[in-house]
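**Q** Take a look at target-v6.txt, compact mmCIF, C-alpha atoms:
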# COMPACT_ATOMS: atom_id res chain seq x y z
CA MET A 1 93.81 103.38 128.27
CA THR A 2 90.72 102.19 126.44
CA ASP A 3 90.03 100.79 122.99
CA ARG A 4 87.29 102.08 120.75
CA HIS A 5 85.71 100.31 117.83
CA ALA A 6 86.22 102.55 114.81
CA GLN A 7 83.19 103.25 112.65
CA HIS A 8 84.86 104.67 109.58
CA GLY A 9 84.83 101.84 107.05
CA ALA A 10 87.20 99.18 105.78
CA PHE A 11 90.28 101.39 106.15
CA TYR A 12 90.19 100.80 109.88
CA ASP A 13 90.38 97.03 109.50
CA ASP A 14 94.17 97.41 109.82
CA PHE A 15 94.11 100.09 112.54
CA LYS A 16 92.94 100.32 116.12
CA GLU A 17 91.51 103.36 117.85
CA LEU A 18 92.61 104.08 121.43
CA GLU A 19 91.84 106.66 124.08
CA VAL A 20 94.79 107.62 126.27
CA GLY A 21 93.58 110.26 128.69
CA SER A 22 92.53 113.20 126.53
CA TRP A 23 94.45 111.82 123.55
CA ARG A 24 92.78 110.03 120.68
CA VAL A 25 95.08 107.59 118.89
CA VAL A 26 94.59 105.69 115.64
CA VAL A 27 97.44 103.19 115.32
CA SER A 28 98.35 100.39 112.93
CA ASP A 29 97.57 96.95 114.32
CA GLN A 30 101.20 95.91 114.03
CA PHE A 31 102.31 98.77 116.28
CA THR A 32 99.42 98.82 118.77
CA ASP A 33 101.06 96.78 121.54
CA GLY A 34 104.28 98.78 121.30
CA PHE A 35 102.38 102.06 121.46
CA ARG A 36 100.48 100.93 124.55
CA LEU A 37 103.73 100.02 126.31
CA LEU A 38 105.34 103.36 125.40
CA ALA A 39 102.26 105.34 126.43
CA ASP A 40 102.27 103.64 129.83
CA ALA A 41 106.02 104.15 130.25
CA VAL A 42 105.86 107.93 129.68
CA ASN A 43 102.43 108.35 131.34
CA PHE A 44 101.16 109.78 128.07
CA ALA A 45 97.65 110.23 129.45
CA GLN A 46 98.99 113.10 131.57
CA CYS A 47 101.18 114.65 128.86
CA ASN A 48 100.36 117.95 127.16
CA SER A 49 102.48 117.34 124.08
CA ALA A 50 102.95 114.43 121.68
CA GLU A 51 106.69 115.16 121.80
CA ALA A 52 106.72 113.36 125.16
CA LEU A 53 106.64 110.09 123.20
CA GLY A 54 110.23 110.48 121.99
CA LYS A 55 113.17 112.78 121.40
CA SER A 56 113.34 115.84 119.19
CA ASP A 57 115.00 115.26 115.83
CA SER A 58 117.74 117.89 115.62
CA LYS A 59 118.06 117.30 111.87
CA SER A 60 114.44 118.11 111.07
CA VAL A 61 113.56 121.47 109.60
CA GLY A 62 110.37 123.11 108.42
CA ARG A 63 107.32 124.54 110.12
CA ALA A 64 107.76 122.30 113.19
CA ARG A 65 110.46 120.00 114.51
CA ASN A 66 109.85 116.25 114.26
CA THR A 67 110.18 113.72 117.07
CA ILE A 68 111.95 110.36 116.79
CA ILE A 69 110.20 107.54 118.66
CA GLN A 70 111.24 104.03 119.63
CA LEU A 71 108.34 101.68 120.40
CA PRO A 72 109.10 98.76 122.72
CA GLY A 73 109.34 95.50 120.80
CA HIS A 74 110.18 97.10 117.45
CA ASP A 75 113.60 97.46 115.83
CA VAL A 76 112.49 100.30 113.56
CA ARG A 77 112.12 103.86 114.76
CA PHE A 78 109.27 106.21 114.00
CA GLN A 79 109.14 109.82 112.91
CA LEU A 80 106.36 111.90 114.42
CA ARG A 81 105.46 115.08 112.55
CA PRO A 82 103.30 117.75 114.20
CA LEU A 83 100.65 118.99 111.80
CA CYS A 84 100.79 122.70 111.02
CA HIS A 85 98.94 124.84 108.54
CA GLY A 86 100.91 126.35 105.68
CA GLY A 87 100.22 129.34 103.47
CA VAL A 88 99.44 132.93 104.32
CA LEU A 89 97.14 132.02 107.21
CA ALA A 90 99.75 129.86 108.96
CA PRO A 91 100.68 132.53 111.55
CA ILE A 92 97.01 132.70 112.57
CA THR A 93 95.87 129.09 112.33
CA GLY A 94 99.17 127.50 113.40
CA LYS A 95 98.59 124.00 114.77
CA ARG A 96 94.86 124.43 115.29
CA PHE A 97 92.53 122.12 113.35
CA ALA A 98 88.78 121.64 113.38
CA GLY A 99 89.20 117.91 114.01
CA LEU A 100 91.26 114.86 113.06
CA ASP A 101 89.75 114.31 109.62
CA ARG A 102 92.78 115.72 107.83
CA PRO A 103 95.51 113.60 109.50
CA LEU A 104 93.29 110.52 109.36
CA GLN A 105 92.80 111.10 105.65
CA GLU A 106 96.59 111.26 105.24
CA LEU A 107 96.88 108.01 107.17
CA ARG A 108 94.18 106.44 104.99
CA VAL A 109 95.75 107.57 101.70
CA THR A 110 99.27 106.55 102.72
CA ALA A 111 98.09 103.11 103.84
CA GLY A 112 96.12 102.64 100.62
CA LEU A 113 99.01 103.62 98.38
CA ARG A 114 101.44 101.51 100.40
CA LYS A 115 99.20 98.48 99.86
CA ARG A 116 99.28 99.16 96.13
CA GLY A 117 103.08 99.16 96.21
CA ALA A 118 103.68 102.90 95.88
CA PRO A 119 107.03 104.32 97.11
CA VAL A 120 105.60 106.00 100.22
CA ALA A 121 106.52 105.74 103.90
CA ILE A 122 104.94 103.10 106.13
CA PRO A 123 102.10 104.77 108.10
CA ALA A 124 102.13 104.11 111.84
CA PHE A 125 99.71 106.23 113.83
CA VAL A 126 97.96 109.55 114.41
CA VAL A 127 97.70 111.14 117.85
CA GLY A 128 95.50 114.13 118.60
CA ARG A 129 93.62 115.90 121.33
CA ARG A 130 91.14 118.70 121.69
CA THR A 131 92.47 121.98 123.09
CA GLY A 132 89.60 124.36 123.63
CA PHE A 133 87.56 124.67 120.45
CA PHE A 134 90.25 123.12 118.25
CA TRP A 135 92.38 120.01 117.86
CA GLU A 136 96.13 119.52 117.63
CA ALA A 137 97.52 116.43 115.96
CA SER A 138 100.71 114.64 114.95
CA TYR A 139 101.27 111.96 112.34
CA ALA A 140 103.86 109.16 112.52
CA THR A 141 105.49 106.98 109.89
CA VAL A 142 108.29 104.44 110.09
CA HIS A 143 111.54 106.39 110.06
CA ILE A 144 113.71 105.74 107.01
CA GLU A 145 117.24 105.45 108.36
CA ASP A 146 120.11 107.12 106.51
CA ALA A 147 117.73 109.04 104.25
CA ARG A 148 117.55 112.79 103.83
CA ASP A 149 115.07 115.04 102.13
CA GLY A 150 115.85 116.28 98.64
CA ALA A 151 116.97 119.73 99.78
CA ALA A 152 119.36 118.29 102.39
CA PHE A 153 120.70 115.91 99.73
CA LEU A 154 121.38 118.78 97.32
CA ASP A 155 123.05 120.76 100.10
CA THR A 156 125.78 118.09 100.24
CA GLY A 157 126.95 119.19 96.77
CA PRO A 158 126.61 115.88 94.88
CA ASN A 159 128.56 115.53 91.64
CA LEU A 160 126.87 115.45 88.26
CA ASN A 161 126.81 111.66 88.01
CA THR A 162 125.13 111.37 91.42
CA LEU A 163 122.64 114.08 90.50
CA GLU A 164 121.71 112.30 87.29
CA ARG A 165 121.28 108.92 89.00
CA THR A 166 119.16 110.48 91.74
CA ALA A 167 117.06 112.43 89.25
CA ARG A 168 116.39 109.24 87.29
CA ALA A 169 115.41 107.39 90.48
CA ALA A 170 113.10 110.28 91.43
CA GLY A 171 111.47 110.10 88.02
CA VAL A 172 110.85 106.37 88.41
CA ALA A 173 109.42 106.81 91.93
CA ILE A 174 107.06 109.61 90.94
CA ARG A 175 105.91 107.67 87.86
CA ASP A 176 105.16 104.65 90.08
CA PHE A 177 103.32 106.91 92.52
CA HIS A 178 101.16 108.29 89.72
CA GLU A 179 100.58 104.94 88.03
CA LEU A 180 99.31 103.51 91.31
CA GLY A 181 96.80 106.32 91.71
CA GLY A 182 98.74 108.81 93.82
CA TRP A 183 97.71 112.47 93.50
CA HIS A 184 100.06 114.69 95.54
CA ALA A 185 98.87 118.08 96.71
CA ASP A 186 102.32 119.60 97.26
CA LEU A 187 105.11 117.75 95.48
CA HIS A 188 108.25 119.74 96.21
CA ILE A 189 111.90 118.85 96.70
CA LYS A 190 111.64 118.43 100.50
CA ASN A 191 108.84 115.89 100.03
CA LEU A 192 111.25 113.45 98.41
CA LEU A 193 113.40 111.33 100.73
CA ILE A 194 116.68 110.19 99.19
CA GLY A 195 118.36 107.07 100.54
CA GLY A 196 120.73 104.34 99.40
CA SER A 197 123.44 104.62 96.76
CA THR A 198 123.71 101.35 94.82
CA PRO A 199 122.71 100.43 92.24
CA GLU A 200 120.35 103.42 92.28
CA PRO A 201 119.26 105.77 95.06
CA GLU A 202 115.97 104.91 96.77
CA VAL A 203 113.38 107.68 96.59
CA THR A 204 110.36 107.80 98.90
CA ILE A 205 107.51 110.27 98.50
CA ILE A 206 106.35 111.77 101.79
CA ASP A 207 103.91 114.29 103.28
CA LEU A 208 100.64 113.12 101.74
CA ASP A 209 98.59 115.77 103.51
CA ARG A 210 95.58 116.48 101.25
CA ALA A 211 96.75 113.80 98.80
CA ARG A 212 94.27 111.49 97.07
CA ILE A 213 93.98 108.08 95.51
CA THR A 214 92.31 108.19 92.10
CA ASP A 215 91.65 105.67 89.34
CA GLU A 216 93.78 107.56 86.84
CA ILE A 217 96.15 110.53 86.91
CA SER A 218 95.83 112.59 83.74
CA ALA A 219 98.87 113.75 81.79
CA GLY A 220 97.93 117.33 82.67
CA ARG A 221 97.92 116.59 86.40
CA ARG A 222 101.19 114.66 86.13
CA MET A 223 102.84 117.62 84.45
CA GLN A 224 101.48 120.03 87.05
CA GLU A 225 103.13 118.02 89.82
CA ILE A 226 106.40 117.64 87.91
CA MET A 227 106.57 121.37 87.25
CA ARG A 228 105.68 122.12 90.86
CA LEU A 229 108.70 120.04 91.83
CA ARG A 230 110.82 121.99 89.35
CA ARG A 231 109.58 125.32 90.69
CA SER A 232 110.59 124.27 94.20
CA LEU A 233 114.15 123.81 92.93
CA ILE A 234 114.13 127.25 91.34
CA LYS A 235 112.64 128.86 94.44
CA ARG A 236 115.33 127.36 96.66
CA GLY A 237 118.19 128.18 94.31
CA TYR A 238 119.24 124.64 93.36
CA THR A 239 120.43 125.54 89.87
CA ASN A 240 122.80 122.54 89.84
CA ALA A 241 119.74 120.28 89.75
CA LEU A 242 118.27 122.12 86.77
CA SER A 243 120.90 121.34 84.15
CA GLU A 244 119.81 119.82 80.86
CA SER A 245 121.35 116.43 81.59
CA VAL A 246 119.75 116.17 85.05
CA GLY A 247 116.35 117.17 83.66
CA ARG A 248 116.73 114.60 80.89
CA ALA A 249 117.63 111.90 83.41
CA PHE A 250 114.50 112.71 85.44
CA MET A 251 112.20 112.56 82.41
CA ASP A 252 113.85 109.37 81.16
CA GLY A 253 113.17 107.81 84.54
CA TYR A 254 109.59 109.06 84.53
CA VAL A 255 108.48 108.12 81.03
CA GLY A 256 110.74 105.10 80.44
CA HIS A 257 109.92 103.77 76.98
CA ASP A 258 106.42 105.26 76.93
CA ALA A 259 106.65 107.52 73.88
CA GLU A 260 102.97 108.43 74.02
CA LEU A 261 103.24 109.68 77.59
CA ARG A 262 106.35 111.68 76.73
CA SER A 263 104.46 113.34 73.89
CA GLN A 264 101.48 114.11 76.14
CA LEU A 265 103.71 115.68 78.77
CA ASN A 266 105.68 117.71 76.21
CA ALA A 267 102.41 119.11 74.87
CA ARG A 268 101.72 120.63 78.29
CA VAL A 269 105.11 122.23 78.92
CA ARG A 270 104.16 125.62 77.51
CA ALA A 271 101.04 125.95 79.69
CA GLU A 272 102.98 124.91 82.78
CA ARG A 273 105.73 127.44 82.07
CA VAL A 274 103.10 130.17 81.97
CA ARG A 275 101.76 128.88 85.27
CA GLY A 276 105.29 128.89 86.66
CA ARG A 277 105.85 132.54 85.74
CA ALA A 278 102.61 133.42 87.53
CA HIS A 279 103.73 131.52 90.63
CA ALA A 280 107.08 133.29 90.58
CA LEU A 281 105.34 136.58 91.26
CA PHE A 282 104.41 135.29 94.71
CA TYR A 283 107.59 133.44 95.71
CA ARG A 284 108.62 133.84 99.31
CA ALA A 285 111.94 132.88 100.88
CA PRO A 286 111.83 129.19 101.97
Kindly return the structure encoded in the file as structure tokens.
**A**
Amino acid sequence: MTDRHAQHGAFYDDFKELEVGSWRVVVSDQFTDGFRLLADAVNFAQCNSAEALGKSDSKSVGRARNTIIQLPGHDVRFQLRPLCHGGVLAPITGKRFAGLDRPLQELRVTAGLRKRGAPVAIPAFVVGRRTGFFWEASYATVHIEDARDGAAFLDTGPNLNTLERTARAAGVAIRDFHELGGWHADLHIKNLLIGGSTPEPEVTIIDLDRARITDEISAGRRMQEIMRLRRSLIKRGYTNALSESVGRAFMDGYVGHDAELRSQLNARVRAERVRGRAHALFYRAP
């Protein structure tokens, strides 16, 4: 195992770059020693899959199953997510990427937003290796215990009071995310992690693939992301989360006492509803 001095700017001040056999690893300083110990223990340099670092998470769903990892010397666990393409080309492109720029950008954005205080997961490391002409990669964050994604939460059949409290907490979290410069490329219900119960649920925004940090998020962009979240509820059939009182709780959490922002968002509802009807023409089963 060898260290490399990263040459990608100030972002890497808090991360170290390692070579483990054919694997390239960019890992947070605070987790570097633990990763080295784990990599040695599982002989990661000879492994053909990042899943060798831990155990498959039977609860994970989506395009690829996650892996739960325990690093020596750390009480927290880590969730490793294999990166897969989405969209219509997913069956062709699969897990093949031109390089590691995309996962490293996600690591960079997540770390930057976390430093600003945004409600995002703690970034841990990226592992990747070249396979032929392409790269495969996985991205790890600190696992949030006793949390479930928004869809799994709704599948438990929460009562109206719980729905309203969770919607309000989601509104607050997304407002904080936006206020701190977060621009999410795919804000849908499964990209919200719901945890805790008192006094309010804790909501964490995840999957910052293709996300950005900007100086200011416009009202139009905010509304686009909010309506994208709403469309994901419609697409997945969660009508119980679309009642008037739940929607009001979400918006109250998002705008707080900012009457001007509420007015700006309301002014964009009509345009976003038109956009939503256009999207509905192309809905596919989740």
**Q** Can you tell me, as a PyMOL selection string, what residues are no more than 9 Å from Gln79 in chain A when counting all atoms listed in the file, ignoring any on the same chain fewer than 3 positions away?
**A** chain A and resi 57+66-69+139-144
**Q** Once you count all atoms listed in the file, what closest atom pair and distance in Å to one decimal does each residue of range 222-278 of chain A within 8 Å of range 164-172 of chain A have, with rows by chain and rising residue number, as CSV?
**A**
residue,atom,partner,partner_atom,distance
A:Ser245,CA,A:Glu164,CA,7.0
A:Val246,CA,A:Glu164,CA,4.9
A:Gly247,CA,A:Ala167,CA,7.4
A:Ala249,CA,A:Arg168,CA,4.9
A:Phe250,CA,A:Arg168,CA,4.4
A:Met251,CA,A:Gly171,CA,6.2
A:Asp252,CA,A:Arg168,CA,6.6
A:Gly253,CA,A:Arg168,CA,4.5
A:Tyr254,CA,A:Gly171,CA,4.1
A:Val255,CA,A:Gly171,CA,7.9
**Q** Would you list the contacts of Gln46 in chain A as JSON, numbers by chain, taking every protein, DNA or RNA residue within 12 Å and counting all atoms listed in the file, but skipping same-chain residues closer than 5 positions in sequence?
**A** {"A": [1, 20, 21, 22, 23, 39, 40, 41, 52, 53, 129]}
**Q** Determine, counting only C-alpha atoms, which protein, DNA and RNA residues have an atom within 9 Å of an atom of Leu229 in chain A; residues of the same chain fewer than 3 positions away are not included. Present the result as a list in words.
**A** Asp186, Leu187, His188, Ile189, Gln224, Glu225, Ile226, Ser232 and Leu233 of chain A
**Q** Could you check how far CA of Val25 in chain A sits from CA of Val126 in chain A, in Å to one decimal?
**A**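 Value for the CA of Val25 in chain A-CA of Val126 in chain A distance: 5.7 Å.
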**Q** Rounded to one decimal place, report the CA of His257 in chain A-CA of Arg231 in chain A distance in Å.
**A**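 Pair CA of His257 in chain A / CA of Arg231 in chain A returns 25.5 Å.
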**Q** So how far away is CA of Pro123 in chain A from CA of Glu19 in chain A, in Å?
**A**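 Separation between CA of Glu19 in chain A and CA of Pro123 in chain A: 19.1 Å.
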**Q** Could you name the residues that touch Leu163 in chain A at 12 Å or less, counting only C-alpha atoms, but leaving out those on the same chain fewer than 5 positions away, as a PyMOL selection string?
**A** chain A and resi 150+153-158+168-170+194+197+200-201+238-250
**Q** Have a look at A:Ala98, A:Ala259, A:Leu18, A:Val203 and name the one nearest to Asp176 in chain A; count only C-alpha atoms.
**A** A:Val203
**Q** Around the point (101.0, 114.8, 83.2) in the file's coordinates, collect all residues with an atom within 9 Å, using only C-alpha atoms, and return them as a list in words.
**A**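 Residues lying no farther than 9 Å from the given point: Ile217, Ser218, Ala219, Gly220, Arg221, Arg222, Met223, Gln224, Glu225, Ile226, Leu261, Arg262, Gln264, Leu265, Asn266 and Arg268 of chain A.
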**Q** Kindly indicate which residue among A:Trp135, A:Ala185, A:Ala173, A:Asn191 lies nearest to Ala152 in chain A, using only C-alpha atoms for the distances.
**A**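 Of A:Trp135, A:Ala185, A:Ala173, A:Asn191, the one nearest Ala152 in chain A, counting only C-alpha atoms, is A:Asn191.
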**Q** Let me make sure I understand: among A:Arg175, A:Arg275, A:His184, A:Arg130, which one has the smallest atom-to-atom distance to Ile206 in chain A if we use only C-alpha atoms?
**A**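 Distance minimum relative to Ile206 in chain A lands on A:His184.
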**Q** Using all atoms listed in the file, which of A:Ser56, A:Ser49, A:Thr110, A:Ala267 sits nearest Ile213 in chain A?
**A**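 Result for the nearest residue to Ile213 in chain A: A:Thr110.
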**Q** My list of candidates is A:Gly73, A:Leu80, A:Asp146, A:Gly182. Which is closest to Lys55 in chain A when distances are computed with only C-alpha atoms?
**A**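 Ranking A:Gly73, A:Leu80, A:Asp146, A:Gly182 by distance to Lys55 in chain A, first place goes to A:Leu80.
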